[in-house]
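K.L.:
Structure: upload23.txt, compact mmCIF, C-alpha atoms and all ligand atoms.
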# COMPACT_ATOMS: atom_id res chain seq x y z
CA MET A 1 11.47 -8.06 -6.66
CA PHE A 2 7.76 -8.53 -6.38
CA SER A 3 6.31 -11.82 -5.11
CA LEU A 4 3.06 -13.65 -4.55
CA LYS A 5 3.38 -16.49 -2.03
CA ASN A 6 0.67 -19.16 -2.04
CA VAL A 7 -2.02 -16.60 -2.73
CA THR A 8 -5.60 -17.83 -2.77
CA ARG A 9 -8.81 -15.84 -3.15
CA ARG A 10 -12.19 -17.43 -2.58
CA PHE A 11 -15.59 -16.04 -3.43
CA GLY A 12 -18.14 -18.01 -1.47
CA GLY A 13 -16.86 -21.56 -1.59
CA LYS A 14 -15.16 -21.17 -4.95
CA ALA A 15 -11.48 -20.32 -5.40
CA ALA A 16 -10.99 -17.68 -8.12
CA VAL A 17 -7.21 -17.84 -7.55
CA SER A 18 -5.67 -20.96 -6.03
CA SER A 19 -2.34 -21.07 -4.28
CA VAL A 20 -0.48 -18.89 -6.76
CA SER A 21 3.23 -18.26 -6.20
CA VAL A 22 5.24 -16.09 -8.55
CA ASP A 23 8.34 -13.85 -8.41
CA ILE A 24 8.61 -10.89 -10.75
CA PRO A 25 11.91 -8.97 -10.94
CA GLN A 26 11.61 -5.19 -11.26
CA GLY A 27 11.32 -4.05 -14.87
CA GLN A 28 9.77 -7.13 -16.46
CA MET A 29 6.95 -6.93 -18.98
CA VAL A 30 4.61 -9.79 -18.13
CA GLY A 31 1.50 -10.92 -20.00
CA VAL A 32 -1.17 -12.93 -18.21
CA ILE A 33 -3.39 -15.09 -20.41
CA GLY A 34 -6.14 -17.62 -19.85
CA ARG A 35 -9.77 -18.36 -20.52
CA SER A 36 -12.59 -16.23 -19.19
CA GLY A 37 -12.95 -16.92 -15.46
CA ALA A 38 -9.38 -18.25 -15.09
CA GLY A 39 -8.68 -15.71 -12.34
CA LYS A 40 -6.60 -13.13 -14.24
CA SER A 41 -8.47 -10.04 -13.04
CA THR A 42 -8.71 -11.35 -9.49
CA MET A 43 -4.93 -11.85 -9.39
CA LEU A 44 -4.26 -8.31 -10.65
CA ARG A 45 -6.82 -6.81 -8.29
CA MET A 46 -5.21 -8.55 -5.32
CA ILE A 47 -1.82 -7.07 -6.23
CA ASN A 48 -3.36 -3.59 -6.18
CA ARG A 49 -5.37 -4.56 -3.06
CA LEU A 50 -8.72 -3.81 -4.69
CA VAL A 51 -9.42 -7.37 -3.52
CA ASP A 52 -7.78 -8.95 -0.46
CA PRO A 53 -6.30 -12.44 -0.57
CA SER A 54 -8.09 -15.12 1.47
CA GLU A 55 -4.73 -16.80 2.10
CA GLY A 56 -1.08 -16.22 1.30
CA SER A 57 0.95 -13.03 1.10
CA ILE A 58 2.10 -10.43 -1.42
CA HIS A 59 5.51 -8.75 -1.11
CA PHE A 60 7.27 -5.85 -2.81
CA GLY A 61 10.88 -5.86 -1.70
CA ASP A 62 10.77 -5.79 2.10
CA VAL A 63 7.18 -4.57 2.24
CA GLU A 64 4.37 -7.02 2.88
CA VAL A 65 1.76 -5.51 0.60
CA SER A 66 -1.00 -7.84 1.76
CA SER A 67 -0.94 -6.47 5.31
CA LEU A 68 -0.78 -2.73 4.52
CA ARG A 69 -3.44 -0.46 6.00
CA GLY A 70 -4.36 3.24 5.87
CA ALA A 71 -1.80 5.65 4.44
CA ALA A 72 0.70 2.85 3.70
CA LEU A 73 -1.95 1.06 1.63
CA ARG A 74 -2.73 4.27 -0.28
CA ASN A 75 0.98 4.72 -0.97
CA TRP A 76 1.14 1.21 -2.37
CA GLN A 77 -1.86 1.88 -4.60
CA ARG A 78 -0.04 4.96 -5.87
CA ASP A 79 3.11 2.91 -6.55
CA CYS A 80 1.12 0.33 -8.43
CA ALA A 81 -1.01 2.10 -11.04
CA MET A 82 -3.96 0.31 -12.57
CA ILE A 83 -5.31 0.53 -16.11
CA PHE A 84 -8.69 -0.92 -16.99
CA GLN A 85 -10.42 -2.14 -20.13
CA GLN A 86 -13.05 0.60 -19.77
CA PHE A 87 -10.49 3.37 -19.08
CA ASN A 88 -12.18 4.60 -15.84
CA LEU A 89 -11.80 8.29 -16.64
CA VAL A 90 -14.19 10.95 -15.36
CA PRO A 91 -15.97 11.66 -18.67
CA ARG A 92 -17.29 15.12 -17.75
CA LEU A 93 -13.89 16.43 -16.68
CA ASP A 94 -11.33 17.61 -19.19
CA VAL A 95 -8.39 15.41 -20.14
CA LEU A 96 -5.82 17.51 -18.28
CA THR A 97 -7.75 17.28 -15.00
CA ASN A 98 -8.22 13.53 -15.47
CA VAL A 99 -4.46 13.16 -15.86
CA MET A 100 -3.74 15.33 -12.82
CA LEU A 101 -6.05 13.14 -10.74
CA GLY A 102 -3.14 10.68 -10.87
CA ARG A 103 -1.43 13.01 -8.35
CA LEU A 104 -4.14 12.75 -5.71
CA ASN A 105 -2.30 10.26 -3.56
CA HIS A 106 0.78 12.47 -3.61
CA ARG A 107 -0.87 15.45 -1.99
CA SER A 108 -2.74 16.67 1.04
CA THR A 109 -6.47 16.14 1.34
CA ALA A 110 -7.04 19.89 1.69
CA LEU A 111 -5.39 20.66 -1.62
CA SER A 112 -7.26 17.77 -3.24
CA ILE A 113 -10.62 18.99 -2.01
CA LEU A 114 -9.91 22.45 -3.39
CA ASN A 115 -8.91 20.74 -6.63
CA MET A 116 -5.81 22.91 -6.75
CA PHE A 117 -3.02 21.60 -8.86
CA THR A 118 0.38 23.20 -8.86
CA ARG A 119 2.13 24.60 -11.91
CA GLU A 120 4.57 21.67 -11.71
CA GLU A 121 1.72 19.20 -11.77
CA ARG A 122 0.20 20.88 -14.81
CA ILE A 123 3.55 20.79 -16.61
CA MET A 124 3.96 17.14 -15.66
CA ALA A 125 0.48 16.32 -16.95
CA ILE A 126 1.12 18.03 -20.26
CA ALA A 127 4.44 16.19 -20.60
CA ALA A 128 2.66 12.89 -19.98
CA LEU A 129 0.03 13.73 -22.62
CA GLU A 130 2.77 14.78 -25.07
CA ARG A 131 4.55 11.52 -24.50
CA LEU A 132 1.39 9.69 -25.53
CA GLY A 133 0.82 11.99 -28.51
CA ILE A 134 -2.50 13.42 -27.29
CA GLU A 135 -1.58 16.77 -25.77
CA GLN A 136 -3.92 18.57 -28.16
CA THR A 137 -6.88 16.94 -26.45
CA ALA A 138 -5.96 18.45 -23.05
CA LEU A 139 -8.99 20.71 -22.73
CA GLN A 140 -11.56 18.36 -24.26
CA LYS A 141 -13.96 16.50 -22.01
CA ALA A 142 -12.54 13.00 -21.60
CA GLY A 143 -15.88 11.46 -22.58
CA THR A 144 -15.65 12.99 -26.08
CA LEU A 145 -12.42 11.15 -26.97
CA SER A 146 -12.15 7.92 -28.93
CA GLY A 147 -11.49 4.73 -27.00
CA GLY A 148 -7.84 4.67 -28.07
CA GLN A 149 -7.36 8.27 -26.97
CA GLN A 150 -9.10 7.60 -23.65
CA GLN A 151 -6.84 4.67 -22.91
CA ARG A 152 -3.83 6.87 -23.62
CA VAL A 153 -5.22 9.43 -21.15
CA ALA A 154 -5.50 6.61 -18.61
CA ILE A 155 -1.85 5.71 -19.22
CA ALA A 156 -0.85 9.37 -18.83
CA ARG A 157 -2.76 9.44 -15.52
CA ALA A 158 -0.91 6.29 -14.44
CA LEU A 159 2.44 7.95 -15.31
CA MET A 160 1.50 10.91 -13.08
CA GLN A 161 1.47 8.48 -10.16
CA GLN A 162 5.19 7.84 -10.87
CA PRO A 163 4.47 4.17 -10.24
CA LYS A 164 6.92 1.33 -9.69
CA MET A 165 4.51 -1.03 -11.36
CA ILE A 166 1.67 -0.72 -13.88
CA LEU A 167 -1.12 -3.30 -13.79
CA ALA A 168 -3.31 -3.36 -16.87
CA ASP A 169 -6.49 -5.45 -17.02
CA GLU A 170 -7.26 -6.15 -20.69
CA PRO A 171 -6.16 -2.64 -21.73
CA ILE A 172 -6.85 -3.22 -25.43
CA ALA A 173 -9.93 -5.44 -25.31
CA SER A 174 -12.24 -2.56 -26.32
CA LEU A 175 -9.96 -1.12 -28.99
CA ASP A 176 -9.53 -1.62 -32.73
CA PRO A 177 -6.22 -3.14 -33.87
CA LEU A 178 -4.55 0.20 -34.69
CA ASN A 179 -5.38 1.75 -31.31
CA ALA A 180 -4.51 -1.50 -29.60
CA LYS A 181 -1.05 -1.30 -31.13
CA VAL A 182 -0.62 2.33 -30.06
CA VAL A 183 -1.56 1.44 -26.48
CA MET A 184 0.64 -1.66 -26.31
CA ASP A 185 3.58 0.26 -27.86
CA ALA A 186 3.11 2.93 -25.18
CA LEU A 187 3.13 0.36 -22.37
CA ARG A 188 6.23 -1.28 -23.77
CA ASP A 189 7.98 2.05 -24.17
CA ILE A 190 7.26 2.95 -20.53
CA ASN A 191 8.50 -0.47 -19.46
CA GLU A 192 11.72 -0.17 -21.47
CA ARG A 193 12.57 3.46 -20.81
CA GLU A 194 11.52 3.84 -17.17
CA GLY A 195 12.12 0.26 -16.07
CA ILE A 196 8.59 0.14 -14.66
CA THR A 197 7.29 -3.40 -14.25
CA VAL A 198 4.23 -3.93 -16.45
CA MET A 199 1.85 -6.79 -15.76
CA THR A 200 -1.03 -7.00 -18.19
CA ASN A 201 -3.93 -9.37 -18.70
CA LEU A 202 -4.47 -10.01 -22.38
CA HIS A 203 -7.09 -12.02 -24.17
CA THR A 204 -5.06 -12.53 -27.30
CA LEU A 205 -2.09 -14.84 -27.40
CA ASP A 206 -0.30 -13.09 -30.22
CA THR A 207 -0.28 -9.76 -28.38
CA ALA A 208 1.25 -11.48 -25.37
CA ARG A 209 3.85 -13.12 -27.61
CA ASN A 210 4.70 -9.89 -29.41
CA TYR A 211 4.97 -7.60 -26.43
CA CYS A 212 5.81 -9.58 -23.33
CA GLU A 213 9.15 -11.09 -22.36
CA ARG A 214 7.34 -13.40 -19.95
CA ILE A 215 3.94 -15.03 -20.22
CA ILE A 216 1.94 -16.43 -17.32
CA GLY A 217 -0.88 -18.78 -18.31
CA MET A 218 -3.73 -19.34 -15.89
CA SER A 219 -6.41 -21.99 -15.83
CA ALA A 220 -9.05 -22.45 -13.11
CA GLY A 221 -7.22 -20.13 -10.71
CA ARG A 222 -3.80 -21.76 -11.07
CA ILE A 223 -0.66 -20.87 -12.97
CA VAL A 224 -0.24 -23.60 -15.58
CA PHE A 225 2.48 -21.91 -17.66
CA ASP A 226 5.20 -19.43 -16.76
CA GLY A 227 7.91 -18.81 -19.31
CA ALA A 228 9.21 -16.98 -22.36
CA PRO A 229 7.02 -16.64 -25.48
CA ARG A 230 9.24 -19.12 -27.35
CA ASP A 231 8.37 -21.80 -24.77
CA LEU A 232 4.66 -21.37 -25.32
CA ASP A 233 4.23 -24.41 -27.55
CA ALA A 234 1.06 -26.29 -28.53
CA ALA A 235 1.07 -28.35 -25.32
CA ALA A 236 1.34 -25.20 -23.20
CA VAL A 237 -1.47 -23.53 -25.15
CA ARG A 238 -3.60 -26.64 -24.54
CA ALA A 239 -2.84 -26.53 -20.83
CA ILE A 240 -3.95 -22.90 -20.68
CA TYR A 241 -6.95 -22.89 -22.98
CA GLY A 242 -7.89 -26.56 -22.93
CA THR A 243 -9.75 -28.06 -25.86
CA GLY A 244 -12.84 -26.72 -27.63
CA ALA A 245 -16.39 -27.79 -26.75
CA ASP A 246 -16.21 -30.60 -29.30
CA GLY A 247 -12.93 -31.87 -27.89
CA ALA A 248 -10.95 -30.44 -30.78
CA GLU A 249 -7.72 -28.69 -30.03
CA ILE A 250 -7.98 -24.95 -29.65
CA ASP A 251 -7.06 -23.07 -32.78
CA GLU A 252 -4.60 -20.37 -31.84
CA THR A 253 -6.10 -17.98 -34.36
CA VAL A 254 -9.22 -17.84 -32.20
CA THR A 255 -7.24 -15.98 -29.58
CA SER A 256 -5.54 -13.82 -32.14
CA THR A 257 -5.86 -10.36 -33.60
CA SER A 258 -3.83 -8.77 -36.35
CA ILE A 259 -1.76 -6.65 -33.98
CA LYS A 260 1.96 -6.89 -34.46
CA GLY A 261 4.49 -5.30 -32.20
CA GLY A 262 6.52 -2.59 -33.83
CA ALA A 263 9.29 -0.19 -33.00
CA GLY A 264 8.62 3.36 -31.95
CA LEU A 265 6.21 4.93 -29.53
CA VAL A 266 3.00 6.51 -30.66
CA GLN A 267 2.14 7.91 -34.04
CA ASP A 268 0.96 11.49 -34.32
CA ASN A 269 -2.50 10.74 -35.63
CA VAL A 270 -4.37 12.99 -33.23
CA LYS A 271 -2.40 16.21 -33.38
CA GLU A 272 -5.27 18.25 -34.74
CA SER A 273 -4.85 21.93 -33.85
CA ALA A 274 -1.08 22.15 -33.75
CA SER A 275 -1.14 25.96 -33.59
CA VAL A 276 -2.03 25.92 -29.87
CA THR A 277 1.01 25.11 -27.77
CA PRO A 278 0.56 22.47 -25.06
CA LEU A 279 1.76 24.80 -22.30
CA ALA A 280 -0.72 27.45 -23.39
CA LEU A 281 -3.44 24.81 -23.18
CA ALA A 282 -2.42 24.12 -19.61
CA GLY A 283 -2.70 27.81 -18.76
CA ILE A 284 1.03 28.10 -18.15
N1 LIG B 1 -16.51 -10.18 -6.81
C1 LIG B 1 -16.73 -11.46 -7.13
N2 LIG B 1 -17.71 -12.18 -6.52
C2 LIG B 1 -17.92 -13.47 -6.82
N3 LIG B 1 -17.21 -14.15 -7.74
C3 LIG B 1 -16.22 -13.50 -8.37
C4 LIG B 1 -15.93 -12.13 -8.11
N4 LIG B 1 -14.88 -11.75 -8.89
C5 LIG B 1 -14.55 -12.84 -9.61
N5 LIG B 1 -15.33 -13.89 -9.31
C6 LIG B 1 -15.25 -15.24 -9.89
O1 LIG B 1 -13.90 -15.62 -9.85
C7 LIG B 1 -13.55 -16.33 -11.04
C8 LIG B 1 -12.37 -15.63 -11.70
O2 LIG B 1 -12.82 -14.37 -12.20
P1 LIG B 1 -11.86 -13.32 -12.89
O3 LIG B 1 -12.67 -12.12 -13.16
O4 LIG B 1 -10.64 -13.17 -12.08
O5 LIG B 1 -11.49 -14.08 -14.25
P2 LIG B 1 -10.74 -13.54 -15.54
O6 LIG B 1 -9.67 -14.53 -15.86
O7 LIG B 1 -10.34 -12.13 -15.35
O8 LIG B 1 -11.87 -13.65 -16.66
P3 LIG B 1 -12.17 -12.71 -17.94
O9 LIG B 1 -11.22 -13.14 -19.02
O10 LIG B 1 -13.59 -13.02 -18.29
O11 LIG B 1 -11.99 -11.28 -17.52
C9 LIG B 1 -14.80 -16.39 -11.88
O12 LIG B 1 -15.44 -17.63 -11.63
C10 LIG B 1 -15.63 -15.25 -11.35
O13 LIG B 1 -16.99 -15.50 -11.53
MG MG B 2 -10.82 -10.36 -16.26
As a first step, turn the structure in this file into structure tokens.
Ligand SMILES: Nc1ncnc2c1ncn2[C@@H]1O[C@H](COP(=O)(O)OP(=O)(O)OP(=O)(O)O)[C@@H](O)[C@H]1O
Ligand SMILES: [Mg+2]
P.N.:
Amino acid sequence: MFSLKNVTRRFGGKAAVSSVSVDIPQGQMVGVIGRSGAGKSTMLRMINRLVDPSEGSIHFGDVEVSSLRGAALRNWQRDCAMIFQQFNLVPRLDVLTNVMLGRLNHRSTALSILNMFTREERIMAIAALERLGIEQTALQKAGTLSGGQQQRVAIARALMQQPKMILADEPIASLDPLNAKVVMDALRDINEREGITVMTNLHTLDTARNYCERIIGMSAGRIVFDGAPRDLDAAAVRAIYGTGADGAEIDETVTSTSIKGGAGLVQDNVKESASVTPLALAGI
């Protein structure tokens, strides 16, 4: 079980997140929605400790995450992988190395400085890329990949951390609908097969409805809805998004894309040069 207890974060005098309390059982897939500035990113960043709470506490099982320091904090950040809208890969490094960077918190500083990855780590990285259907890009510079491919590399890197939780901050906001579906299918598959908790900020309601078993709605730093997609009725949508500038009710299609959840993992639309085996690519 993962919990936030009365968590507040202020910037200057203004509370970005206000007294938020929430319990998330291991293995849930949770979507966080809300208007721009509602506090979604700040909440996620506090969980990963990229931002510290001003008040309140964060717990994972018996561990008080909000008071971790040093090596224990780094271990938590390894256990709780983060995926960003802009992928955050190292564009000049090849895909395989980017994925293996997910192992950094598992290894000694000396090995990291020498940039030496073990055979096992290379095999693991290739397996992660295969799982996401992009193993043929292993030796390309990450910066040359499409946005959808880059986000899949970022997910492969997150898998290398062998995390207990994946936090994704608008992972599909920069992607076209097809790539958005591939990325959301991948996150759901990881959630279902590995039982890894996934908590993702989303700016479209229908994606949250299609992919998440639980939806948390935020408004002005507070949780104003917490329930199953079927409970997200017009009144709840109003509480989260408010009314338009002219006082009219928000039209749900405004927060919508054409993405629909579907079965299966990732289609093989990027397996270009299939003659090269993935293990050969990894130099194994
Ligand atoms: N580092 C910071 N310094 C000052 N203010 C900040 C900082 N980070 C966030 N804020 C403020 O906190 C509030 C919540 O921001 P946050 O980024 O969490 O919102 P969000 O729900 O993720 O919005 P969006 O949908 O636009 O990504 C906003 O008013 C924002 O300006
Ligand atoms: Mg945000």
K.L.:
Which of these, A:Glu170, A:Asp94, A:Asp206, A:Asp233, has the shortest distance to ligand LIG 1 (chain B) once you count only C-alpha atoms and all ligand atoms?
P.N.:
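Of all the options, A:Glu170 lies closest to ligand LIG 1 (chain B).
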K.L.:
Would you name the residues within 9 Å of ligand LIG 1 (chain B), counting only C-alpha atoms and all ligand atoms, and put them as a ChimeraX atom specification?
P.N.:
/A:9-12,14-17,32-45,51,169-170,201-203,218-221
K.L.:
Could you please take those selected residues and save C-alpha atoms as an mmCIF file, in the coordinates of the input?
P.N.:
data_model
loop_
_atom_site.group_PDB
_atom_site.id
_atom_site.type_symbol
_atom_site.label_atom_id
_atom_site.label_comp_id
_atom_site.auth_asym_id
_atom_site.auth_seq_id
_atom_site.Cartn_x
_atom_site.Cartn_y
_atom_site.Cartn_z
ATOM 1 C CA ARG A 9 -8.810 -15.840 -3.150
ATOM 2 C CA ARG A 10 -12.190 -17.430 -2.580
ATOM 3 C CA PHE A 11 -15.590 -16.040 -3.430
ATOM 4 C CA GLY A 12 -18.140 -18.010 -1.470
ATOM 5 C CA LYS A 14 -15.160 -21.170 -4.950
ATOM 6 C CA ALA A 15 -11.480 -20.320 -5.400
ATOM 7 C CA ALA A 16 -10.990 -17.680 -8.120
ATOM 8 C CA VAL A 17 -7.210 -17.840 -7.550
ATOM 9 C CA VAL A 32 -1.170 -12.930 -18.210
ATOM 10 C CA ILE A 33 -3.390 -15.090 -20.410
ATOM 11 C CA GLY A 34 -6.140 -17.620 -19.850
ATOM 12 C CA ARG A 35 -9.770 -18.360 -20.520
ATOM 13 C CA SER A 36 -12.590 -16.230 -19.190
ATOM 14 C CA GLY A 37 -12.950 -16.920 -15.460
ATOM 15 C CA ALA A 38 -9.380 -18.250 -15.090
ATOM 16 C CA GLY A 39 -8.680 -15.710 -12.340
ATOM 17 C CA LYS A 40 -6.600 -13.130 -14.240
ATOM 18 C CA SER A 41 -8.470 -10.040 -13.040
ATOM 19 C CA THR A 42 -8.710 -11.350 -9.490
ATOM 20 C CA MET A 43 -4.930 -11.850 -9.390
ATOM 21 C CA LEU A 44 -4.260 -8.310 -10.650
ATOM 22 C CA ARG A 45 -6.820 -6.810 -8.290
ATOM 23 C CA VAL A 51 -9.420 -7.370 -3.520
ATOM 24 C CA ASP A 169 -6.490 -5.450 -17.020
ATOM 25 C CA GLU A 170 -7.260 -6.150 -20.690
ATOM 26 C CA ASN A 201 -3.930 -9.370 -18.700
ATOM 27 C CA LEU A 202 -4.470 -10.010 -22.380
ATOM 28 C CA HIS A 203 -7.090 -12.020 -24.170
ATOM 29 C CA MET A 218 -3.730 -19.340 -15.890
ATOM 30 C CA SER A 219 -6.410 -21.990 -15.830
ATOM 31 C CA ALA A 220 -9.050 -22.450 -13.110
ATOM 32 C CA GLY A 221 -7.220 -20.130 -10.710
#
K.L.:
As an exercise, work out the distance from CA of Leu101 (chain A) to CA of Ala180 (chain A) in Å and give it to one decimal place.
P.N.:
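These two atoms are separated by 23.9 Å.
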K.L.:
Given all atoms listed in the file as the basis, pick out the residue of A:Gln77, A:Thr207, A:Gln136, A:Gln85 nearest to ligand MG 2 (chain B).
P.N.:
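For ligand MG 2 (chain B), the nearest of the candidates is A:Gln85.
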K.L.:
When you count only C-alpha atoms, which of these residues is closest to Leu145 (chain A): A:Pro91, A:Ala158, A:Met124, A:Asp185?
P.N.:
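Comparing A:Pro91, A:Ala158, A:Met124, A:Asp185 against Leu145 (chain A), the winner is A:Pro91.
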K.L.:
Would you please work out which residue, of A:Ser57, A:Thr197, A:Thr204, A:Gln150, is nearest to Met1 (chain A) when using all atoms listed in the file?
P.N.:
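Nearest candidate to Met1 (chain A) out of A:Ser57, A:Thr197, A:Thr204, A:Gln150: A:Thr197.
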K.L.:
Given the choices A:Ile123, A:Leu159, A:Ala208, A:Leu167, which gets closest to Ile190 (chain A) if the distance is worked out from only C-alpha atoms?
P.N.:
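Ranking A:Ile123, A:Leu159, A:Ala208, A:Leu167 by distance to Ile190 (chain A), first place goes to A:Leu159.
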K.L.:
I'd like the contact shell of Met165 (chain A) - 7 Å cut-off, all atoms listed in the file, skipping same-chain residues fewer than 3 positions apart - returned as a ChimeraX atom specification.
P.N.:
/A:79-81,196-198
K.L.:
Using only C-alpha atoms and all ligand atoms, which residue out of A:Asp189, A:Ser3, A:Gly195, A:Thr200 lies closest to ligand MG 2 (chain B)?
P.N.:
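Comparing A:Asp189, A:Ser3, A:Gly195, A:Thr200 against ligand MG 2 (chain B), the winner is A:Thr200.
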K.L.:
What is the CA of Gly147 (chain A) to CA of Glu130 (chain A) distance in Å?
P.N.:
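Going from CA of Gly147 (chain A) over to CA of Glu130 (chain A), I get 17.6 Å.
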K.L.:
Report, in Å to a single decimal, how far apart CA of Arg74 (chain A) and CA of Val22 (chain A) are.
P.N.:
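These two atoms are separated by 23.4 Å.
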K.L.:
Please define a box with edges along x, y and z of the file around all atoms of region 63-77 of chain A given in the file, extend it by 8 Å on each side, and return its centre and edge lengths in Å to one decimal, as AutoDock Vina command-line options.
P.N.:
--center_x 1.4 --center_y -1.1 --center_z 0.7 --size_x 27.5 --size_y 29.5 --size_z 26.6
K.L.:
Applying 7 Å and all atoms listed in the file, which residues near Ile83 (chain A) remain after dropping the ones on its own chain fewer than 3 positions away? List them as a list in words.
P.N.:
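Once the nearby chain positions are removed, what remains is Phe87, Ala154, Ile155, Leu167, Ala168, Asp169 and Pro171 of chain A.
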K.L.:
Skipping near chain neighbours, those fewer than 4 positions away, what residues fall within 7 Å of Cys212 (chain A) using only C-alpha atoms, listed as a PyMOL selection string?
P.N.:
chain A and resi 29-31+208
